[in-house]
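Read through the structure below, which is laid out as structure tokens, and then see the notes.
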Amino acid sequence: MALGVQGQYIRPIIKKQDIAFIQYTGGTTGISKDATLTHANMIASLQQAEGLFNP
């Protein structure tokens, strides 16, 4: 039996200011830089896309 079957899932508590992604930019200055995106950033992006595609 796989060990994962024995475990119990505990849903994490996620706040809007928690980090969702770390995205690396192409940077025109040569060195790529990281851009930290929060859950609030992702929600805002989805709301903007929804407004654009479902007016």
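By convention here, the chains of the structure tokens are called A, B, ... in the order presented, each chain's residues are numbered starting at 1, and ligands are numbered starting at 1 in the order presented.
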
*Could you give me, as a list in words, each residue of chain A that DSSP assigns to strand (DSSP E) when run on this structure's backbone?*
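Of chain A, the ones in strand (DSSP E) are Ile19, Ala20, Phe21, Ile22, Gln23, Tyr24, Asp34, Ala35, Thr36, Leu37 and Thr38 of chain A.
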
Let me see the file: selected residues, N, CA and C atoms, as a PDB file, in the first residue's frame.
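Generated output (again-v2.pdb):
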```pdb
ATOM      1  N   ILE A  19       2.120  34.240  -0.920  1.00  0.00           N
ATOM      2  CA  ILE A  19       2.741  34.076  -2.231  1.00  0.00           C
ATOM      3  C   ILE A  19       2.098  32.909  -2.978  1.00  0.00           C
ATOM      4  N   ALA A  20       1.706  33.180  -4.217  1.00  0.00           N
ATOM      5  CA  ALA A  20       1.129  32.142  -5.075  1.00  0.00           C
ATOM      6  C   ALA A  20       2.181  31.625  -6.051  1.00  0.00           C
ATOM      7  N   PHE A  21       2.960  32.529  -6.652  1.00  0.00           N
ATOM      8  CA  PHE A  21       3.957  32.177  -7.659  1.00  0.00           C
ATOM      9  C   PHE A  21       5.177  33.077  -7.523  1.00  0.00           C
ATOM     10  N   ILE A  22       6.296  32.577  -7.966  1.00  0.00           N
ATOM     11  CA  ILE A  22       7.472  33.413  -8.185  1.00  0.00           C
ATOM     12  C   ILE A  22       7.774  33.280  -9.668  1.00  0.00           C
ATOM     13  N   GLN A  23       7.559  34.369 -10.391  1.00  0.00           N
ATOM     14  CA  GLN A  23       7.728  34.373 -11.842  1.00  0.00           C
ATOM     15  C   GLN A  23       9.034  35.080 -12.165  1.00  0.00           C
ATOM     16  N   TYR A  24       9.774  34.534 -13.104  1.00  0.00           N
ATOM     17  CA  TYR A  24      11.034  35.151 -13.504  1.00  0.00           C
ATOM     18  C   TYR A  24      10.840  35.893 -14.810  1.00  0.00           C
ATOM     19  N   ASP A  34      13.146  38.084 -10.345  1.00  0.00           N
ATOM     20  CA  ASP A  34      11.925  37.409  -9.927  1.00  0.00           C
ATOM     21  C   ASP A  34      10.852  38.433  -9.586  1.00  0.00           C
ATOM     22  N   ALA A  35       9.617  38.080  -9.891  1.00  0.00           N
ATOM     23  CA  ALA A  35       8.453  38.891  -9.542  1.00  0.00           C
ATOM     24  C   ALA A  35       7.556  38.012  -8.684  1.00  0.00           C
ATOM     25  N   THR A  36       7.363  38.407  -7.445  1.00  0.00           N
ATOM     26  CA  THR A  36       6.560  37.628  -6.520  1.00  0.00           C
ATOM     27  C   THR A  36       5.091  37.992  -6.709  1.00  0.00           C
ATOM     28  N   LEU A  37       4.270  37.007  -7.005  1.00  0.00           N
ATOM     29  CA  LEU A  37       2.849  37.232  -7.221  1.00  0.00           C
ATOM     30  C   LEU A  37       2.059  36.610  -6.072  1.00  0.00           C
ATOM     31  N   THR A  38       1.182  37.403  -5.496  1.00  0.00           N
ATOM     32  CA  THR A  38       0.356  36.914  -4.389  1.00  0.00           C
ATOM     33  C   THR A  38      -0.964  36.365  -4.928  1.00  0.00           C
TER      34      THR A  38
END
```

*Among chain A, which ones does DSSP place in alpha helix (DSSP H), written as a ChimeraX atom specification?*
/A:3-6,39-53

Suppose we keep C-alpha atoms; can you now write the selection as a PDB file, in the first residue's frame?
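Result file is part_34.pdb:
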```pdb
ATOM      1  CA  LEU A   3       2.194   5.752   2.027  1.00  0.00           C
ATOM      2  CA  GLY A   4       0.059   8.575   0.619  1.00  0.00           C
ATOM      3  CA  VAL A   5      -3.099   6.555   1.161  1.00  0.00           C
ATOM      4  CA  GLN A   6      -2.390   6.427   4.880  1.00  0.00           C
ATOM      5  CA  HIS A  39      -3.040  35.271  -4.445  1.00  0.00           C
ATOM      6  CA  ALA A  40      -4.545  38.784  -4.530  1.00  0.00           C
ATOM      7  CA  ASN A  41      -2.520  39.489  -7.721  1.00  0.00           C
ATOM      8  CA  MET A  42      -3.938  36.359  -9.333  1.00  0.00           C
ATOM      9  CA  ILE A  43      -7.515  37.205  -8.311  1.00  0.00           C
ATOM     10  CA  ALA A  44      -7.146  40.706  -9.791  1.00  0.00           C
ATOM     11  CA  SER A  45      -5.744  39.286 -13.051  1.00  0.00           C
ATOM     12  CA  LEU A  46      -8.624  36.843 -13.377  1.00  0.00           C
ATOM     13  CA  GLN A  47     -11.175  39.575 -12.709  1.00  0.00           C
ATOM     14  CA  GLN A  48      -9.584  41.753 -15.411  1.00  0.00           C
ATOM     15  CA  ALA A  49      -9.619  38.871 -17.891  1.00  0.00           C
ATOM     16  CA  GLU A  50     -13.236  38.123 -17.062  1.00  0.00           C
ATOM     17  CA  GLY A  51     -14.165  41.755 -17.709  1.00  0.00           C
ATOM     18  CA  LEU A  52     -12.339  41.669 -21.035  1.00  0.00           C
ATOM     19  CA  PHE A  53     -13.768  38.374 -22.324  1.00  0.00           C
TER      20      PHE A  53
END
```

*In Å, rounded to a single decimal, give me how far CA of Gly30 in chain A is from CA of Gln17 in chain A.*
29.5 Å

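Taking CA of Asp18 in chain A as the reference point, CA of Lys33 in chain A is found at 19.5 Å.
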